[in-house]
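Colleague: Before anything else, here's the structure in question.
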Protein chains: 2
Amino acid sequence: MNEPRERLRDAKRTRAEILDVATTAFAASGYTGTGVDDIAERAHKTKRMIYYYFGSKEKLYLAVLEKAYRGIREAEQAPDVEEMSPLDALRRVAEVTYDHHLEHSEFIRLVAIENIHHGSSIRHLEPLREVNRNALGLLDRLLERGRADGTVRTDVDALDVHMMISAYCFFQVANRYTIRFLFERDMLDPERRDHYRGMIADAVVAWLSSGDD
Amino acid sequence: MNEPRERLRDAKRTRAEILDVATTAFAASGYTGTGVDDIAERAHKTKRMIYYYFGSKEKLYLAVLEKAYRGIREAEQAPDVEEMSPLDALRRVAEVTYDHHLEHSEFIRLVAIENIHHGSSIRHLEPLREVNRNALGLLDRLLERGRADGTVRTDVDALDVHMMISAYCFFQVANRYTIRFLFERDMLDPERRDHYRGMIADAVVAWLSSGDD
DNA sequence: GAACTAATGTACCGAGTGGTACATTGCCCG
DNA sequence: CGGGCAATGTACCACTCGGTACATTAGTTC
């Protein structure tokens with residue numbers, strides 16, 4: 001019953017709302033394609049507020065990028081796979097990663113945008129490196145177990161596997177539009193989702209369980 | 001000895017030079033990130049010429065996109081694999097596709113840019129659909145042969161395979177910058193090229209030769 | 001070589017955009 | 001309750017950028 005009364009001036013809320021709208025806007029239209037005025041209007045704030053809280057368009061974009069990256073890694077619920085066999089676990093990881101990507105297309109678009117700009121912004125987000133490298137820990141342990149019991153090939157590391165899986169998921173989301181136009185197939189069609197999830201899972205398992213001699 | 005004398009006014013050459021510079025510029029900085037003045041200057045032409053030959057920035061970009069797409073498919077030297085076993089042939093296709101992507105990063109960036117813009121431009125390039133669908137013919141024949149002799153799983157089609165391979169290659173090129181920063185690994189390092197080429201080749205073969213029952 | 005047009009150069013406009021100066025008002029604290 | 005500052009509103013600037021009007025020159029044609 002202690003609902004905090006709706007205040008007209010709420011720094012934290014204002015800042016957060018701007019950040020949310022900015023995330024959507026940048027993801028939708030790119031950095032240069034998004035106007036500060038647009039963001040202000042869509043957030044029902046004035047442009048003045050954006051500069052008050054973020055200082056510049058560039059810094060706002062930086063805040064968006066950082067929050068998106070942190071959010072994605074946190075949301076990445078490490079599936080409980082420590083009990084499973086390495087290969088079963090890797091299959092599971094592939095499946096979870098697939099769903100995760102499809103549910104966070106906004107983040108994927110931000111990554112694409114950042115790469116278009118040669119990573120000029122992410123460079124300033126040093127702390128993200130740690131966050132990201134840690135994300136490889138789970139894969140690393142699974143591969144190690146698999147190598148130990150002879151079920152997983154020995155010539156690939158955690159990042160290799162991560163790349164294989166992410167590439168597949170990323171591609172479908174990021175290139176949805178050109179694919180749909182050129183091949184008349186919507187990769188995000190819910191009807192086909194099981195098929196595509198199964199594809200990467202099958203590929204990863206088959207690949208990793210095939211010998212490297 | 002009949003060198004055509006260097007003319008000061010050469011419509012075809014001027015147009016072609018603008019198109020080349022524009023391709024590089026758009027690929028490097030995106031659509032909104034590239035100014036018409038920049039292109040003009042770097043092509044040693046005047047802005048006036050761009051409008052004379054292309055009509056608008058949008059139409060220039062469209063011309064760039066079309067030329068890039070056509071060029072990439074033509075350069076796609078279909079490897080001579082009709083004599084090989086289906087699986088060997090598919091391995092070869094994966095390897096060739098990998099190299100092809102790495103050598104045409106400009107094109108890949110244009111695709112990424114186009115998807116950032118929701119494919120709003122490629123929509124106007126109807127003829128490209130035909131070109132692209134034809135590119136699947138080779139894969140289709142290989143899969144058919146493989147299914148016939150029982151070496152290839154039956155639950156995937158040519159586009160599925162194309163996606164698997166392209167996704168992997170595209171990802172490494174398109175996301176080079178964020179990957180390099182976050183994981184301190186350059187996916188385009190020549191020293192690792194054989195490893196990464198082998199990875200997708202192994203994965204495709206292992207995947208397609210694994211059963212689907 | 002005169003005439004005609006394709007091809008090019010120059011100078012400018014108007015809208016949009018990132019950013020800011022200055023005024024104002026709600027909220028908390030004593 | 002009233003002062004003081006955090007938070008917000010308004011109006012504006014400087015500049016970029018896509019696009020164009022108009023003048024000019026190189027090539028071609030007869």
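Ordered as shown in the structure tokens, chains take letters A, B, and onward, while each chain numbers its residues from 1 and ligands are numbered from 1 in the order shown.
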Within 10 Å of Leu90 (chain A), counting only C-alpha atoms (C1' of nucleotides), which residues qualify if same-chain residues fewer than 2 places away don't, as a PDB file with all heavy atoms, in the first residue's frame?
Modeller:
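part.pdb, freshly written:
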ATOM      1  N   VAL A  81      23.227 -27.714 -17.246  1.00  0.00           N
ATOM      2  CA  VAL A  81      23.674 -28.820 -18.080  1.00  0.00           C
ATOM      3  C   VAL A  81      24.854 -29.575 -17.473  1.00  0.00           C
ATOM      4  O   VAL A  81      25.423 -30.451 -18.117  1.00  0.00           O
ATOM      5  CB  VAL A  81      24.118 -28.306 -19.460  1.00  0.00           C
ATOM      6  CG1 VAL A  81      22.927 -27.757 -20.210  1.00  0.00           C
ATOM      7  CG2 VAL A  81      25.200 -27.262 -19.307  1.00  0.00           C
ATOM      8  N   MET A  84      24.429 -33.304 -17.509  1.00  0.00           N
ATOM      9  CA  MET A  84      24.234 -34.032 -18.760  1.00  0.00           C
ATOM     10  C   MET A  84      25.563 -34.457 -19.370  1.00  0.00           C
ATOM     11  O   MET A  84      26.622 -33.975 -18.996  1.00  0.00           O
ATOM     12  CB  MET A  84      23.491 -33.138 -19.765  1.00  0.00           C
ATOM     13  CG  MET A  84      22.222 -32.515 -19.214  1.00  0.00           C
ATOM     14  SD  MET A  84      21.556 -31.235 -20.307  1.00  0.00           S
ATOM     15  CE  MET A  84      20.780 -32.230 -21.561  1.00  0.00           C
ATOM     16  N   SER A  85      25.465 -35.359 -20.329  1.00  0.00           N
ATOM     17  CA  SER A  85      26.674 -35.730 -21.063  1.00  0.00           C
ATOM     18  C   SER A  85      27.124 -34.518 -21.873  1.00  0.00           C
ATOM     19  O   SER A  85      26.304 -33.696 -22.268  1.00  0.00           O
ATOM     20  CB  SER A  85      26.386 -36.902 -22.000  1.00  0.00           C
ATOM     21  OG  SER A  85      25.742 -36.435 -23.174  1.00  0.00           O
ATOM     22  N   PRO A  86      28.407 -34.393 -22.121  1.00  0.00           N
ATOM     23  CA  PRO A  86      28.915 -33.224 -22.852  1.00  0.00           C
ATOM     24  C   PRO A  86      28.157 -32.957 -24.150  1.00  0.00           C
ATOM     25  O   PRO A  86      27.765 -31.816 -24.412  1.00  0.00           O
ATOM     26  CB  PRO A  86      30.371 -33.590 -23.117  1.00  0.00           C
ATOM     27  CG  PRO A  86      30.739 -34.497 -21.999  1.00  0.00           C
ATOM     28  CD  PRO A  86      29.498 -35.276 -21.675  1.00  0.00           C
ATOM     29  N   LEU A  87      27.939 -33.970 -24.933  1.00  0.00           N
ATOM     30  CA  LEU A  87      27.281 -33.741 -26.222  1.00  0.00           C
ATOM     31  C   LEU A  87      25.823 -33.327 -26.050  1.00  0.00           C
ATOM     32  O   LEU A  87      25.339 -32.429 -26.751  1.00  0.00           O
ATOM     33  CB  LEU A  87      27.378 -34.998 -27.098  1.00  0.00           C
ATOM     34  CG  LEU A  87      28.747 -35.215 -27.749  1.00  0.00           C
ATOM     35  CD1 LEU A  87      28.755 -36.495 -28.565  1.00  0.00           C
ATOM     36  CD2 LEU A  87      29.116 -34.025 -28.627  1.00  0.00           C
ATOM     37  N   ASP A  88      25.134 -33.954 -25.121  1.00  0.00           N
ATOM     38  CA  ASP A  88      23.761 -33.547 -24.854  1.00  0.00           C
ATOM     39  C   ASP A  88      23.732 -32.100 -24.370  1.00  0.00           C
ATOM     40  O   ASP A  88      22.867 -31.306 -24.761  1.00  0.00           O
ATOM     41  CB  ASP A  88      23.125 -34.452 -23.789  1.00  0.00           C
ATOM     42  CG  ASP A  88      22.733 -35.805 -24.378  1.00  0.00           C
ATOM     43  OD1 ASP A  88      22.748 -35.927 -25.627  1.00  0.00           O
ATOM     44  OD2 ASP A  88      22.432 -36.724 -23.598  1.00  0.00           O
ATOM     45  N   ARG A  92      22.017 -28.763 -26.007  1.00  0.00           N
ATOM     46  CA  ARG A  92      21.137 -27.888 -25.228  1.00  0.00           C
ATOM     47  C   ARG A  92      21.581 -26.435 -25.327  1.00  0.00           C
ATOM     48  O   ARG A  92      20.768 -25.530 -25.486  1.00  0.00           O
ATOM     49  CB  ARG A  92      21.151 -28.359 -23.771  1.00  0.00           C
ATOM     50  CG  ARG A  92      20.174 -27.676 -22.863  1.00  0.00           C
ATOM     51  CD  ARG A  92      18.895 -28.494 -22.679  1.00  0.00           C
ATOM     52  NE  ARG A  92      17.870 -27.667 -22.044  1.00  0.00           N
ATOM     53  CZ  ARG A  92      17.118 -26.796 -22.699  1.00  0.00           C
ATOM     54  NH1 ARG A  92      17.251 -26.649 -24.002  1.00  0.00           N
ATOM     55  NH2 ARG A  92      16.222 -26.074 -22.056  1.00  0.00           N
ATOM     56  N   VAL A  93      22.855 -26.223 -25.216  1.00  0.00           N
ATOM     57  CA  VAL A  93      23.386 -24.864 -25.313  1.00  0.00           C
ATOM     58  C   VAL A  93      23.034 -24.262 -26.668  1.00  0.00           C
ATOM     59  O   VAL A  93      22.616 -23.101 -26.759  1.00  0.00           O
ATOM     60  CB  VAL A  93      24.917 -24.846 -25.102  1.00  0.00           C
ATOM     61  CG1 VAL A  93      25.489 -23.487 -25.487  1.00  0.00           C
ATOM     62  CG2 VAL A  93      25.260 -25.165 -23.652  1.00  0.00           C
ATOM     63  N   ALA A  94      23.190 -25.039 -27.714  1.00  0.00           N
ATOM     64  CA  ALA A  94      22.863 -24.541 -29.053  1.00  0.00           C
ATOM     65  C   ALA A  94      21.391 -24.146 -29.127  1.00  0.00           C
ATOM     66  O   ALA A  94      21.043 -23.081 -29.648  1.00  0.00           O
ATOM     67  CB  ALA A  94      23.185 -25.607 -30.092  1.00  0.00           C
ATOM     68  N   GLU A  95      20.537 -24.994 -28.585  1.00  0.00           N
ATOM     69  CA  GLU A  95      19.105 -24.710 -28.638  1.00  0.00           C
ATOM     70  C   GLU A  95      18.749 -23.457 -27.852  1.00  0.00           C
ATOM     71  O   GLU A  95      17.992 -22.598 -28.312  1.00  0.00           O
ATOM     72  CB  GLU A  95      18.325 -25.923 -28.088  1.00  0.00           C
ATOM     73  CG  GLU A  95      18.392 -27.144 -28.998  1.00  0.00           C
ATOM     74  CD  GLU A  95      17.851 -28.410 -28.320  1.00  0.00           C
ATOM     75  OE1 GLU A  95      17.696 -28.394 -27.079  1.00  0.00           O
ATOM     76  OE2 GLU A  95      17.607 -29.390 -29.020  1.00  0.00           O
ATOM     77  N   VAL A  96      19.305 -23.364 -26.654  1.00  0.00           N
ATOM     78  CA  VAL A  96      19.017 -22.201 -25.818  1.00  0.00           C
ATOM     79  C   VAL A  96      19.540 -20.922 -26.458  1.00  0.00           C
ATOM     80  O   VAL A  96      18.871 -19.890 -26.465  1.00  0.00           O
ATOM     81  CB  VAL A  96      19.636 -22.392 -24.414  1.00  0.00           C
ATOM     82  CG1 VAL A  96      19.585 -21.088 -23.631  1.00  0.00           C
ATOM     83  CG2 VAL A  96      18.912 -23.498 -23.656  1.00  0.00           C
ATOM     84  N   LEU A 138      31.158 -21.626 -19.499  1.00  0.00           N
ATOM     85  CA  LEU A 138      30.325 -22.822 -19.565  1.00  0.00           C
ATOM     86  C   LEU A 138      30.757 -23.732 -20.710  1.00  0.00           C
ATOM     87  O   LEU A 138      30.985 -24.934 -20.536  1.00  0.00           O
ATOM     88  CB  LEU A 138      28.851 -22.416 -19.750  1.00  0.00           C
ATOM     89  CG  LEU A 138      27.869 -23.560 -19.956  1.00  0.00           C
ATOM     90  CD1 LEU A 138      27.754 -24.404 -18.703  1.00  0.00           C
ATOM     91  CD2 LEU A 138      26.499 -23.032 -20.360  1.00  0.00           C
ATOM     92  N   LEU A 139      30.889 -23.141 -21.898  1.00  0.00           N
ATOM     93  CA  LEU A 139      31.320 -23.915 -23.052  1.00  0.00           C
ATOM     94  C   LEU A 139      32.664 -24.570 -22.801  1.00  0.00           C
ATOM     95  O   LEU A 139      32.892 -25.739 -23.157  1.00  0.00           O
ATOM     96  CB  LEU A 139      31.415 -22.995 -24.282  1.00  0.00           C
ATOM     97  CG  LEU A 139      30.144 -22.800 -25.094  1.00  0.00           C
ATOM     98  CD1 LEU A 139      30.397 -21.822 -26.223  1.00  0.00           C
ATOM     99  CD2 LEU A 139      29.668 -24.135 -25.652  1.00  0.00           C
ATOM    100  N   LEU A 142      32.346 -27.666 -20.686  1.00  0.00           N
ATOM    101  CA  LEU A 142      31.725 -28.767 -21.415  1.00  0.00           C
ATOM    102  C   LEU A 142      32.713 -29.412 -22.385  1.00  0.00           C
ATOM    103  O   LEU A 142      32.801 -30.642 -22.484  1.00  0.00           O
ATOM    104  CB  LEU A 142      30.497 -28.272 -22.182  1.00  0.00           C
ATOM    105  CG  LEU A 142      29.294 -27.885 -21.315  1.00  0.00           C
ATOM    106  CD1 LEU A 142      28.160 -27.358 -22.187  1.00  0.00           C
ATOM    107  CD2 LEU A 142      28.823 -29.084 -20.499  1.00  0.00           C
ATOM    108  N   LEU A 143      33.437 -28.562 -23.092  1.00  0.00           N
ATOM    109  CA  LEU A 143      34.404 -29.101 -24.049  1.00  0.00           C
ATOM    110  C   LEU A 143      35.471 -29.914 -23.330  1.00  0.00           C
ATOM    111  O   LEU A 143      35.871 -30.992 -23.782  1.00  0.00           O
ATOM    112  CB  LEU A 143      35.036 -27.957 -24.850  1.00  0.00           C
ATOM    113  CG  LEU A 143      34.121 -27.262 -25.852  1.00  0.00           C
ATOM    114  CD1 LEU A 143      34.828 -26.080 -26.483  1.00  0.00           C
ATOM    115  CD2 LEU A 143      33.645 -28.241 -26.923  1.00  0.00           C
ATOM    116  N   GLY A 146      34.141 -33.205 -22.428  1.00  0.00           N
ATOM    117  CA  GLY A 146      33.996 -34.029 -23.619  1.00  0.00           C
ATOM    118  C   GLY A 146      35.331 -34.553 -24.136  1.00  0.00           C
ATOM    119  O   GLY A 146      35.426 -35.698 -24.592  1.00  0.00           O
ATOM    120  N   VAL A 161      33.385 -22.760 -30.863  1.00  0.00           N
ATOM    121  CA  VAL A 161      32.021 -23.284 -30.780  1.00  0.00           C
ATOM    122  C   VAL A 161      31.016 -22.141 -30.656  1.00  0.00           C
ATOM    123  O   VAL A 161      29.965 -22.136 -31.305  1.00  0.00           O
ATOM    124  CB  VAL A 161      31.880 -24.250 -29.587  1.00  0.00           C
ATOM    125  CG1 VAL A 161      30.442 -24.732 -29.453  1.00  0.00           C
ATOM    126  CG2 VAL A 161      32.826 -25.431 -29.741  1.00  0.00           C
ATOM    127  N   ALA A 201      21.487 -27.338 -33.733  1.00  0.00           N
ATOM    128  CA  ALA A 201      21.788 -28.311 -32.681  1.00  0.00           C
ATOM    129  C   ALA A 201      22.403 -29.573 -33.296  1.00  0.00           C
ATOM    130  O   ALA A 201      23.445 -30.060 -32.843  1.00  0.00           O
ATOM    131  CB  ALA A 201      20.525 -28.652 -31.905  1.00  0.00           C
ATOM    132  N   VAL A 204      25.992 -28.854 -34.636  1.00  0.00           N
ATOM    133  CA  VAL A 204      27.010 -28.718 -33.592  1.00  0.00           C
ATOM    134  C   VAL A 204      27.387 -30.079 -33.019  1.00  0.00           C
ATOM    135  O   VAL A 204      28.573 -30.395 -32.868  1.00  0.00           O
ATOM    136  CB  VAL A 204      26.503 -27.780 -32.469  1.00  0.00           C
ATOM    137  CG1 VAL A 204      27.369 -27.905 -31.227  1.00  0.00           C
ATOM    138  CG2 VAL A 204      26.485 -26.345 -32.962  1.00  0.00           C
ATOM    139  N   VAL A 205      26.381 -30.874 -32.731  1.00  0.00           N
ATOM    140  CA  VAL A 205      26.658 -32.185 -32.154  1.00  0.00           C
ATOM    141  C   VAL A 205      27.425 -33.064 -33.154  1.00  0.00           C
ATOM    142  O   VAL A 205      28.432 -33.684 -32.812  1.00  0.00           O
ATOM    143  CB  VAL A 205      25.349 -32.880 -31.725  1.00  0.00           C
ATOM    144  CG1 VAL A 205      25.612 -34.337 -31.371  1.00  0.00           C
ATOM    145  CG2 VAL A 205      24.735 -32.141 -30.548  1.00  0.00           C
ATOM    146  N   LEU A 208      31.052 -31.665 -33.511  1.00  0.00           N
ATOM    147  CA  LEU A 208      31.942 -31.848 -32.364  1.00  0.00           C
ATOM    148  C   LEU A 208      32.205 -33.316 -32.066  1.00  0.00           C
ATOM    149  O   LEU A 208      33.255 -33.659 -31.513  1.00  0.00           O
ATOM    150  CB  LEU A 208      31.361 -31.155 -31.123  1.00  0.00           C
ATOM    151  CG  LEU A 208      31.368 -29.633 -31.207  1.00  0.00           C
ATOM    152  CD1 LEU A 208      30.702 -29.027 -29.989  1.00  0.00           C
ATOM    153  CD2 LEU A 208      32.795 -29.118 -31.361  1.00  0.00           C
TER     154      LEU A 208
END
Colleague: Using only C-alpha atoms (C1' of nucleotides) and a distance of at most 9 Å, pull out the residues of chain C that contact chain B, as a list in words.
Modeller: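 Applying the cut-off to the listed atoms yields DA6, DA7, DT8 and DG9 of chain C.
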Colleague: Any chance you could dump chain B, least-squares fitted to chain A on all C-alpha atoms in order, as a compact mmCIF listing (two decimals) with C-alpha atoms, in the first residue's frame?
Modeller:
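Produced file superposed.txt, reproduced below:
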# COMPACT_ATOMS: atom_id res chain seq x y z
CA MET B 1 -0.43 0.66 0.20
CA ASN B 2 2.63 2.82 0.07
CA GLU B 3 2.49 3.53 -3.65
CA PRO B 4 5.08 6.21 -4.25
CA ARG B 5 3.07 9.12 -5.53
CA GLU B 6 3.52 9.86 -9.20
CA ARG B 7 5.98 12.69 -9.24
CA LEU B 8 6.30 15.14 -12.06
CA ARG B 9 10.04 15.22 -11.74
CA ASP B 10 11.77 11.91 -11.33
CA ALA B 11 15.36 11.84 -12.43
CA LYS B 12 15.78 8.08 -12.45
CA ARG B 13 12.58 7.43 -14.31
CA THR B 14 13.22 10.10 -16.91
CA ARG B 15 16.66 8.80 -17.55
CA ALA B 16 15.47 5.23 -17.80
CA GLU B 17 12.64 6.10 -20.16
CA ILE B 18 14.95 7.98 -22.46
CA LEU B 19 17.35 5.06 -22.44
CA ASP B 20 14.61 2.59 -23.31
CA VAL B 21 13.24 4.64 -26.15
CA ALA B 22 16.74 5.30 -27.43
CA THR B 23 17.50 1.59 -27.46
CA THR B 24 14.46 0.86 -29.59
CA ALA B 25 15.14 3.80 -31.86
CA PHE B 26 18.81 3.08 -32.46
CA ALA B 27 18.10 -0.59 -33.02
CA ALA B 28 15.43 0.30 -35.53
CA SER B 29 17.17 2.99 -37.52
CA GLY B 30 20.87 2.92 -36.76
CA TYR B 31 22.98 5.61 -35.19
CA THR B 32 22.98 8.29 -37.87
CA GLY B 33 19.48 7.29 -38.88
CA THR B 34 18.10 8.20 -35.48
CA GLY B 35 17.57 11.82 -34.53
CA VAL B 36 17.87 13.17 -31.03
CA ASP B 37 14.60 14.99 -31.58
CA ASP B 38 12.91 11.72 -32.54
CA ILE B 39 14.02 10.05 -29.35
CA ALA B 40 12.91 13.01 -27.27
CA GLU B 41 9.48 13.07 -28.85
CA ARG B 42 8.90 9.34 -28.61
CA ALA B 43 9.95 9.39 -24.96
CA HIS B 44 7.64 12.32 -24.26
CA LYS B 45 10.60 14.31 -23.05
CA THR B 46 12.37 17.34 -24.42
CA LYS B 47 15.65 17.20 -26.20
CA ARG B 48 17.07 19.24 -23.42
CA MET B 49 16.65 16.29 -21.06
CA ILE B 50 18.70 14.00 -23.24
CA TYR B 51 21.63 16.36 -23.00
CA TYR B 52 21.00 16.91 -19.33
CA TYR B 53 21.26 13.21 -18.57
CA PHE B 54 23.58 11.91 -21.24
CA GLY B 55 25.61 14.84 -22.50
CA SER B 56 25.60 13.98 -26.18
CA LYS B 57 24.07 11.69 -28.76
CA GLU B 58 27.24 9.64 -28.81
CA LYS B 59 27.20 9.15 -25.06
CA LEU B 60 23.55 8.22 -25.16
CA TYR B 61 24.31 5.59 -27.75
CA LEU B 62 27.15 4.35 -25.60
CA ALA B 63 24.80 3.98 -22.65
CA VAL B 64 22.37 2.07 -24.86
CA LEU B 65 25.10 -0.25 -26.05
CA GLU B 66 26.41 -0.96 -22.59
CA LYS B 67 23.01 -1.65 -21.11
CA ALA B 68 22.12 -3.92 -24.01
CA TYR B 69 25.29 -5.95 -23.71
CA ARG B 70 24.98 -6.36 -19.98
CA GLY B 71 21.32 -7.20 -20.26
CA ILE B 72 21.89 -9.88 -22.85
CA ARG B 73 24.51 -11.67 -20.86
CA GLU B 74 22.44 -11.60 -17.73
CA ALA B 75 19.37 -12.88 -19.54
CA GLU B 76 21.54 -15.67 -20.86
CA GLN B 77 20.24 -18.18 -18.39
CA ALA B 78 23.00 -20.74 -18.30
CA PRO B 79 21.08 -23.95 -18.87
CA ASP B 80 21.59 -26.53 -16.18
CA VAL B 81 23.72 -28.93 -18.11
CA GLU B 82 26.41 -29.95 -15.71
CA GLU B 83 24.71 -33.32 -15.15
CA MET B 84 24.29 -34.14 -18.83
CA SER B 85 26.74 -35.80 -21.14
CA PRO B 86 28.96 -33.27 -22.90
CA LEU B 87 27.33 -33.77 -26.29
CA ASP B 88 23.80 -33.60 -24.91
CA ALA B 89 24.80 -30.51 -23.03
CA LEU B 90 26.28 -28.88 -26.12
CA ARG B 91 23.11 -29.62 -28.01
CA ARG B 92 21.17 -27.96 -25.24
CA VAL B 93 23.43 -24.91 -25.32
CA ALA B 94 22.90 -24.56 -29.06
CA GLU B 95 19.13 -24.76 -28.65
CA VAL B 96 19.04 -22.26 -25.83
CA THR B 97 21.33 -19.88 -27.68
CA TYR B 98 19.11 -20.09 -30.73
CA ASP B 99 15.99 -19.14 -28.80
CA HIS B 100 17.87 -16.48 -26.93
CA HIS B 101 18.95 -14.79 -30.13
CA LEU B 102 15.51 -14.86 -31.65
CA GLU B 103 14.06 -13.24 -28.58
CA HIS B 104 16.58 -10.40 -28.55
CA SER B 105 16.63 -9.14 -32.08
CA GLU B 106 17.02 -5.59 -30.82
CA PHE B 107 20.38 -6.46 -29.33
CA ILE B 108 21.48 -8.20 -32.49
CA ARG B 109 20.69 -5.16 -34.55
CA LEU B 110 22.74 -3.01 -32.19
CA VAL B 111 25.69 -5.31 -32.67
CA ALA B 112 25.29 -5.11 -36.43
CA ILE B 113 25.11 -1.32 -36.25
CA GLU B 114 28.17 -1.14 -34.09
CA ASN B 115 30.12 -3.20 -36.59
CA ILE B 116 28.97 -1.00 -39.43
CA HIS B 117 30.72 1.76 -37.53
CA HIS B 118 33.86 -0.34 -37.13
CA GLY B 119 33.28 -0.81 -33.43
CA SER B 120 34.17 2.78 -32.71
CA SER B 121 31.83 2.99 -29.74
CA ILE B 122 32.24 -0.36 -28.08
CA ARG B 123 35.91 0.42 -27.84
CA HIS B 124 35.05 2.73 -24.99
CA LEU B 125 33.29 0.04 -23.00
CA GLU B 126 36.23 -1.78 -21.55
CA PRO B 127 34.24 -3.49 -18.78
CA LEU B 128 32.25 -5.45 -21.35
CA ARG B 129 35.25 -7.54 -22.25
CA GLU B 130 35.22 -9.25 -18.90
CA VAL B 131 31.49 -9.89 -19.05
CA ASN B 132 31.78 -11.45 -22.46
CA ARG B 133 34.78 -13.62 -21.85
CA ASN B 134 33.12 -15.07 -18.81
CA ALA B 135 30.25 -16.19 -20.99
CA LEU B 136 32.61 -18.69 -22.56
CA GLY B 137 33.23 -20.48 -19.27
CA LEU B 138 30.35 -22.88 -19.59
CA LEU B 139 31.36 -23.96 -23.09
CA ASP B 140 34.90 -24.34 -21.96
CA ARG B 141 33.99 -26.74 -19.19
CA LEU B 142 31.77 -28.82 -21.46
CA LEU B 143 34.44 -29.13 -24.10
CA GLU B 144 36.97 -30.13 -21.48
CA ARG B 145 34.73 -32.87 -20.18
CA GLY B 146 34.05 -34.05 -23.70
CA ARG B 147 37.71 -34.19 -24.58
CA ALA B 148 38.40 -36.11 -21.40
CA ASP B 149 35.90 -38.84 -22.13
CA GLY B 150 36.76 -38.90 -25.82
CA THR B 151 33.36 -37.81 -27.14
CA VAL B 152 34.42 -34.39 -28.37
CA ARG B 153 37.07 -33.49 -30.91
CA THR B 154 40.15 -31.83 -29.53
CA ASP B 155 40.97 -29.23 -32.15
CA VAL B 156 38.40 -26.56 -31.31
CA ASP B 157 38.08 -24.24 -28.36
CA ALA B 158 35.16 -22.57 -26.62
CA LEU B 159 35.25 -19.47 -28.78
CA ASP B 160 35.21 -21.57 -31.93
CA VAL B 161 32.05 -23.28 -30.80
CA HIS B 162 30.53 -20.05 -29.68
CA MET B 163 31.20 -18.55 -33.10
CA MET B 164 29.64 -21.47 -34.92
CA ILE B 165 26.44 -21.23 -32.94
CA SER B 166 26.20 -17.45 -32.73
CA ALA B 167 26.92 -17.00 -36.40
CA TYR B 168 24.00 -19.17 -37.37
CA CYS B 169 21.57 -17.46 -35.01
CA PHE B 170 22.82 -13.97 -35.71
CA PHE B 171 22.56 -14.40 -39.45
CA GLN B 172 18.92 -15.36 -39.43
CA VAL B 173 17.92 -12.38 -37.37
CA ALA B 174 20.29 -9.79 -38.78
CA ASN B 175 19.71 -10.62 -42.44
CA ARG B 176 16.07 -11.39 -42.20
CA TYR B 177 15.05 -8.75 -44.72
CA THR B 178 17.38 -9.53 -47.59
CA ILE B 179 16.81 -13.24 -47.12
CA ARG B 180 13.08 -12.85 -47.13
CA PHE B 181 13.17 -10.81 -50.27
CA LEU B 182 15.74 -12.82 -52.21
CA PHE B 183 14.64 -16.31 -51.25
CA GLU B 184 11.06 -15.72 -50.23
CA ARG B 185 11.62 -17.45 -46.94
CA ASP B 186 11.06 -15.90 -43.54
CA MET B 187 13.69 -17.35 -41.25
CA LEU B 188 11.71 -16.18 -38.25
CA ASP B 189 8.48 -17.90 -39.20
CA PRO B 190 7.33 -19.63 -35.98
CA GLU B 191 6.26 -22.67 -37.99
CA ARG B 192 9.83 -23.32 -39.00
CA ARG B 193 11.42 -22.44 -35.73
CA ASP B 194 11.76 -26.01 -34.51
CA HIS B 195 13.37 -27.02 -37.77
CA TYR B 196 15.97 -24.27 -37.64
CA ARG B 197 16.69 -24.81 -33.98
CA GLY B 198 17.19 -28.48 -34.68
CA MET B 199 19.50 -27.70 -37.57
CA ILE B 200 22.13 -25.88 -35.58
CA ALA B 201 21.83 -28.34 -32.72
CA ASP B 202 22.35 -31.29 -35.07
CA ALA B 203 25.20 -29.57 -36.82
CA VAL B 204 27.04 -28.73 -33.63
CA VAL B 205 26.70 -32.20 -32.20
CA ALA B 206 27.66 -33.94 -35.45
CA TRP B 207 30.59 -31.59 -35.92
CA LEU B 208 31.99 -31.85 -32.41
CA SER B 209 31.55 -35.60 -32.22
CA SER B 210 33.28 -36.15 -35.54
CA GLY B 211 36.94 -37.03 -35.27
CA ASP B 212 39.78 -34.62 -35.88
CA ASP B 213 42.33 -37.06 -37.15
Colleague: Contacts from chain D to chain B, 10 Å maximum, only C-alpha atoms (C1' of nucleotides): show me the residue list as a PyMOL selection string.
Modeller: chain D and resi 16-20+26-27
Colleague: Any idea what the distance is between C1' of DA2 (chain C) and C1' of DC30 (chain D)?
Modeller: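 Atom-to-atom, C1' of DA2 (chain C) and C1' of DC30 (chain D) are spaced 9.7 Å apart.
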Colleague: C1' of DC29 (chain C) and C1' of DG9 (chain D) are how many Å apart?
Modeller: 25.2 Å
Colleague: Can you work out the spacing between C1' of DT25 (chain C) and C1' of DT8 (chain D) in Å, to one decimal?
Modeller: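 Pair C1' of DT25 (chain C) / C1' of DT8 (chain D) returns 7.6 Å.
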Colleague: Mind the document's chain letters and residue numbers, and return as a ChimeraX atom specification the residues of region 60-171 of chain B that DSSP labels alpha helix (DSSP H).
Modeller: /B:60-75,86-103,105-116,127-134,137-148,158-171
